[in-house]
Amino acid sequence: MTTAELAGQRSRGAELLAAARTVIPGGVNSATRLVGAPHALTAASGAHVTDADGRRYLDYHAAFGAILLGHAAPEVDDAVRAAVGGLDLVGWGVTETEIELARLVVETIPSAEQMISAMSGSEATAQAIRLSRAVTGRPLIVKFQGGFHGWHDAVARNVISAPERAYGDDPLSRGILPEALDSTLIAEFNDLESVRALYERHPGLIAAVIVEPIPHNVGALVPEREFVEGLRALTAERGSLLIFDEVITGFRHAPGGYQEVCGVLPDLTTFGKAMGNGYPIAGLAGPRRLMEHFSSAGGDVLLAGTFNGNPVSSAAAIATITYLRDHPDFYERTHALGDRMRAGLTGICEELGVAGTAAGFGGVFALYFTEAPVRGYRDLMRNNDAAYVAFHRRMTDRGFLMLPLALKRNHISAAHTAEDIDRTLDAARDVLRSIRD
Ligand code: PLP
């Protein structure tokens, strides 16, 4: 059933969505889930999700990238089943599971000597920012236009902005104190001078630069070497911390995240999403000299959270990271499938004369409706968002689930196959032709 048919008829999915709207604001639990004619989903397995009307979709959305090994990956679900019924939640001391997870993370992420556990990426970035302010005694942070680091006040601005608001005043929400918004400065990705200019304008006041090493929240801007190395040198020279927000890139592009790929080590790293293959868990890692500022080690930065280190999420994360560590071929496979998808999509755009280009890294791909090259956010302002929305809708109707927002990315998991990619490309060719015509 197409989305148009669904909208016009009282299907089980439409009933569920209507029921949801009566008890959940807007009917969904996170606003972006509402974009692009949402469906009520009832099952997920491997690379597929199924909706309430029995339609199966090949899933590249992957819960915003939280699903890395495929839905209901047996390795992860078995570990979770084993955890349930064992030691449940405790609020005193530590458990073996937490120690095992922290050890694995410290062994895996190059810049990590210690880690704290959190329940979401937003919590991890909030902790990273507070820690960097405490350590430096400075108030300001720098983020990039297009970067997303969660929903909390310090970072809730300037993700995908209308052209007139880009680089300016663009909060994601009302209800945030102006002081909180003003404490976050906005720079341009892949443009070191834009960061240097902020340091000149605010000398001695910048606590940290927080960056998605590949800004996947606007698809995939791949960092130029001089830019990442320059960020490392500049933040160190100015006495600020460099925070890599690896909530998407972490564990996905390499076991040790993008820092392992590029060889540039941040002071602090946040990670989440794929780490637990769908179970809620995130973390913050860094060197002992910084992490021991947390109150758990006698420092003065509050560390609290009832569910931090809970056994179910921790077991899921241990199983996921262990799988990745023991299956280096996972990276070869997903990178090769990503290359196949990107080459295919770009080739189809060329063949059809559509102004489009596929970007990405590893198993992540994005389709921009603009000509290459795309270096920074400024280039993305030329994107034909309406064409992407049409592409998304028609691909969904054909059973291919992608992120509905223009400029977002899609994810290839361990469960996708070369045949899946080829089927997707065949459908994309038809859809792109229909958009062009
Ligand atoms: N950082 C990045 C790079 C993200 O993409 C996200 C979520 O999309 C977050 C942080 C926030 O994570 P969460 O949604 O788990 O709070």
# chains A, B, ... in the order shown; residues from 1 in each chain; ligands from 1
>>> residues_near_ligand(ligand="ligand 1", cutoff="8 Å", atoms="only C-alpha atoms and all ligand atoms", output="list of chain:residue names")
A:Phe64, A:Met119, A:Ser120, A:Gly121, A:Ser122, A:Glu123, A:Ala124, A:Thr125, A:Gly147, A:Phe148, A:His149, A:Gly150, A:Trp151, A:Glu212, A:Pro215, A:His216, A:Asn217, A:Asp245, A:Glu246, A:Val247, A:Ile248, A:Thr249, A:Thr270, A:Phe271, A:Gly272, A:Lys273, A:Pro280, A:Ile281, A:Ala282
>>> residues_around(residues="A:Gly362", least_positions_apart="3", cutoff="9 Å", atoms="only C-alpha atoms", output="PyMOL selection string")
chain A and resi 252-254+331-332+334-339+365+412
>>> write_last_selection(atoms="C-alpha atoms", output="mmCIF file, in the first residue's frame")
data_model
loop_
_atom_site.group_PDB
_atom_site.id
_atom_site.type_symbol
_atom_site.label_atom_id
_atom_site.label_comp_id
_atom_site.auth_asym_id
_atom_site.auth_seq_id
_atom_site.Cartn_x
_atom_site.Cartn_y
_atom_site.Cartn_z
ATOM 1 C CA ARG A 252 30.609 2.430 12.911
ATOM 2 C CA HIS A 253 33.470 3.550 10.701
ATOM 3 C CA ALA A 254 36.143 1.650 12.616
ATOM 4 C CA TYR A 331 34.141 -2.981 8.201
ATOM 5 C CA GLU A 332 35.406 -4.314 4.866
ATOM 6 C CA THR A 334 29.987 -2.307 4.972
ATOM 7 C CA HIS A 335 32.600 -0.002 3.441
ATOM 8 C CA ALA A 336 32.444 -1.966 0.161
ATOM 9 C CA LEU A 337 28.628 -1.869 0.154
ATOM 10 C CA GLY A 338 28.752 1.866 0.911
ATOM 11 C CA ASP A 339 31.143 2.404 -2.018
ATOM 12 C CA PHE A 365 25.558 7.327 2.385
ATOM 13 C CA ILE A 412 24.153 0.098 5.857
#
>>> residues_around(residues="A:Arg232", least_positions_apart="5", cutoff="8 Å", atoms="only C-alpha atoms", output="number ranges by chain")
A: 242, 264-266
>>> write_last_selection(atoms="N, CA and C atoms", output="JSON list (two decimals), in the first residue's frame")
[["chain", "number", "residue", "atom", "x", "y", "z"],
["A", 242, "LEU", "N", 39.23, 19.70, 22.74],
["A", 242, "LEU", "CA", 38.61, 19.28, 21.48],
["A", 242, "LEU", "C", 37.73, 18.07, 21.80],
["A", 264, "VAL", "N", 43.77, 11.53, 14.34],
["A", 264, "VAL", "CA", 43.80, 12.75, 15.18],
["A", 264, "VAL", "C", 43.03, 12.44, 16.46],
["A", 265, "LEU", "N", 43.65, 12.64, 17.60],
["A", 265, "LEU", "CA", 43.00, 12.26, 18.84],
["A", 265, "LEU", "C", 42.43, 13.48, 19.56],
["A", 266, "PRO", "N", 41.14, 13.42, 19.91],
["A", 266, "PRO", "CA", 40.52, 14.53, 20.65],
["A", 266, "PRO", "C", 40.85, 14.40, 22.14]]
>>> closest_residue(among="A:Tyr323, A:Phe391, A:Tyr377, A:Tyr57", to="A:Tyr167", atoms="only C-alpha atoms")
A:Tyr377
>>> residues_around(residues="A:Leu68", least_positions_apart="5", cutoff="6 Å", atoms="only C-alpha atoms", output="list in words")
Ala274, Asn277 and Ser413 of chain A
